[in-house]
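Chemist: Quick one, model07.txt (compact mmCIF, C-alpha atoms):
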```txt
# COMPACT_ATOMS: atom_id res chain seq x y z
CA PRO F 126 174.86 105.90 56.32
CA GLU F 127 172.54 108.81 55.91
CA VAL F 128 169.59 109.25 53.59
CA THR F 129 167.70 112.47 52.89
CA VAL F 130 164.01 112.11 52.26
CA ALA F 131 161.22 114.65 51.80
CA GLU F 132 160.31 114.53 55.49
CA GLY F 133 163.85 114.86 56.77
CA ARG F 134 167.16 113.12 57.24
CA VAL F 135 167.29 109.40 58.10
CA SER F 136 170.43 107.90 59.62
CA PHE F 137 171.40 104.53 61.06
CA ASP F 138 173.65 103.69 63.97
CA ARG F 139 176.90 101.82 63.32
CA SER F 140 175.32 98.42 63.86
CA GLY F 141 172.53 99.21 61.42
CA GLN F 142 169.99 98.17 64.03
CA LYS F 143 168.65 101.62 64.92
CA VAL F 144 167.17 104.25 62.65
CA TYR F 145 167.10 107.96 63.48
CA VAL F 146 164.81 110.40 61.69
CA GLU F 147 165.45 114.15 61.90
CA PRO F 148 162.55 116.14 60.43
CA HIS F 149 163.62 119.09 58.25
CA VAL F 150 161.62 121.39 60.52
CA LEU F 151 163.90 120.57 63.46
CA ARG F 152 167.17 120.70 61.52
CA PRO F 153 168.06 124.35 62.33
CA GLU F 154 167.43 123.77 66.06
CA LEU F 155 169.43 120.53 66.06
CA ASP F 156 172.33 122.21 64.26
CA ALA F 157 172.24 125.13 66.71
CA TYR F 158 172.17 122.70 69.63
CA ALA F 159 175.17 120.79 68.25
CA ALA F 160 177.08 124.05 67.74
CA SER F 161 176.26 125.21 71.28
CA GLU F 162 177.49 121.89 72.73
CA GLY F 163 180.82 122.49 71.05
CA LYS F 164 180.98 126.06 72.37
CA VAL F 165 180.14 124.92 75.90
CA ALA F 166 182.81 122.20 75.76
CA ALA F 167 185.39 124.70 74.49
CA PHE F 168 184.45 127.17 77.24
CA VAL F 169 184.72 124.50 79.95
CA ASN F 170 188.10 123.33 78.61
CA GLN F 171 189.46 126.88 78.45
CA THR F 172 188.18 127.72 81.94
CA CYS F 173 189.71 124.56 83.43
CA SER F 174 192.97 125.22 81.64
CA ASP F 175 193.10 128.82 82.92
CA LEU F 176 192.27 127.70 86.46
CA MET F 177 194.98 125.02 86.45
CA ARG F 178 197.53 127.54 85.16
CA GLU F 179 196.64 129.92 88.00
CA ILE F 180 196.83 127.11 90.57
CA ARG F 181 200.25 126.03 89.27
CA ALA F 182 201.50 129.62 89.48
CA GLU F 183 200.41 129.79 93.14
CA MET F 184 201.46 126.25 94.13
CA HIS F 185 204.30 127.39 96.38
CA ASN F 186 202.01 129.72 98.33
CA ILE F 187 199.29 127.06 98.49
CA GLN F 188 201.74 124.53 99.94
CA LYS F 189 203.02 127.04 102.49
CA SER F 190 199.43 127.83 103.50
CA MET F 191 198.62 124.14 103.83
CA ALA F 192 201.62 123.66 106.14
CA VAL F 193 200.44 126.57 108.31
CA VAL F 194 196.89 125.20 108.43
CA ALA F 195 198.20 121.74 109.39
CA ARG F 196 200.29 123.24 112.21
CA LEU F 197 197.29 125.29 113.42
CA ASP F 198 195.16 122.14 113.34
CA VAL F 199 197.67 120.34 115.56
CA LEU F 200 197.81 123.26 117.98
CA LEU F 201 194.03 123.53 118.15
CA ALA F 202 193.70 119.77 118.72
CA ARG F 203 196.24 119.94 121.54
CA SER F 204 194.47 122.92 123.02
CA ARG F 205 191.11 121.15 122.87
CA MET F 206 192.55 118.00 124.42
CA MET F 207 194.20 120.02 127.21
CA ASP F 208 190.97 121.91 127.80
CA GLU F 209 189.10 118.62 128.13
CA GLY F 210 191.77 117.22 130.44
CA TYR F 211 192.96 114.50 128.07
CA TYR F 212 196.38 115.94 127.49
CA SER F 213 198.91 117.69 129.64
CA ILE F 214 202.54 118.41 128.96
CA ASN F 215 204.72 117.17 131.85
CA ASP F 216 201.90 117.58 134.35
CA ALA F 217 201.61 114.54 136.60
CA THR F 218 198.52 116.00 138.26
CA SER F 219 196.35 115.69 135.16
CA TYR F 220 193.32 113.65 136.19
CA LYS F 221 192.77 111.84 132.89
CA VAL F 222 195.92 111.34 130.83
CA VAL F 223 199.38 112.78 130.96
CA GLY F 224 200.69 112.89 127.44
CA GLN F 225 203.83 114.05 125.80
CA ILE F 226 205.11 114.22 122.29
CA PRO F 227 208.03 111.86 121.71
CA LEU F 228 211.17 113.56 120.49
CA ILE F 229 213.16 111.99 117.70
CA GLY F 230 216.85 112.79 117.88
CA SER F 231 219.26 112.99 115.00
CA GLN F 232 219.66 109.20 115.10
CA GLY F 233 215.96 108.66 114.34
CA VAL F 234 215.34 106.69 117.53
CA VAL F 235 211.96 106.81 119.30
CA ASP F 236 212.00 105.72 122.94
CA VAL F 237 208.74 106.19 124.84
CA GLU F 238 208.10 104.60 128.23
CA GLY F 239 204.57 103.92 129.41
CA PHE F 240 202.96 104.52 126.01
CA MET F 241 199.15 104.20 125.82
CA HIS F 242 197.45 104.46 122.46
CA PRO F 243 195.30 107.64 122.35
CA MET F 244 192.41 105.90 120.54
CA LEU F 245 192.26 103.18 123.20
CA LEU F 246 192.19 105.90 125.83
CA GLU F 247 189.34 107.65 124.03
CA VAL F 248 187.03 104.67 123.52
CA GLY F 249 187.95 102.32 126.35
CA THR F 250 186.19 102.05 129.68
CA GLU F 251 189.44 101.02 131.37
CA LEU F 252 192.94 102.37 130.95
CA PRO F 253 194.92 100.34 128.42
CA VAL F 254 198.04 98.56 129.57
CA PRO F 255 201.00 100.88 128.97
CA ILE F 256 203.92 99.64 126.89
CA ASP F 257 207.47 100.82 126.34
CA LEU F 258 207.87 101.74 122.69
CA LYS F 259 211.35 101.68 121.18
CA LEU F 260 211.82 102.24 117.47
CA GLY F 261 215.03 102.61 115.54
CA GLU F 262 217.43 100.96 117.99
CA LYS F 263 219.65 98.24 116.58
CA ASN F 264 220.12 96.22 119.80
```
As structure tokens, please, write out the structure in this file.
Modeler:
Amino acid sequence: PEVTVAEGRVSFDRSGQKVYVEPHVLRPELDAYAASEGKVAAFVNQTCSDLMREIRAEMHNIQKSMAVVARLDVLLARSRMMDEGYYSINDATSYKVVGQIPLIGSQGVVDVEGFMHPMLLEVGTELPVPIDLKLGEKN
């Protein structure tokens, strides 16, 4: 409920426990503030809507770019690991770790002999015990 008195407008919250008094002197400023809040909200909603529309229109290009960035990230990580001596492709003379990327054939079988987890290699003081990793075989 709202009551207008000589000094201003008096209103109560829904519970009736709180009373709000808006002096007439402040009424134009409060109305302008309320109107500006609505304008700001409308502007933000329109801007977000426009931005999402533009993102959706470019989604295919964004996904292609993300795939390229992911591939570059892998190549840079390999390069960094090779440079630091942690990784070498088919090079048995590497002094730290000889690594290779397992190939998955058309049957979806992974067969890696002498596998050592790269995180254990990174943090351990001793070489981890290698295992033979076979995934996807039915026997």
Chemist: Please measure the separation of atom CA of Asp257 of chain F and atom CA of His242 of chain F, giving the value in Å to one decimal.
Modeler: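 That distance, rounded to one decimal, is 11.3 Å.
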Chemist: Which of these, F:Met206, F:Leu176, F:Val235, F:Leu201, has the shortest distance to Gly261 of chain F once you count only C-alpha atoms?
Modeler: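 Selected residue with least distance to Gly261 of chain F: F:Val235.
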Chemist: Work out how far atom CA of Asn170 of chain F is from atom CA of Asn186 of chain F, in Å to one decimal.
Modeler: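 Interatomic distance here is 25.0 Å.
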Chemist: So how many Å separate atom CA of Pro255 of chain F and atom CA of Leu197 of chain F, to one decimal?
Modeler: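 It comes out at 29.2 Å.
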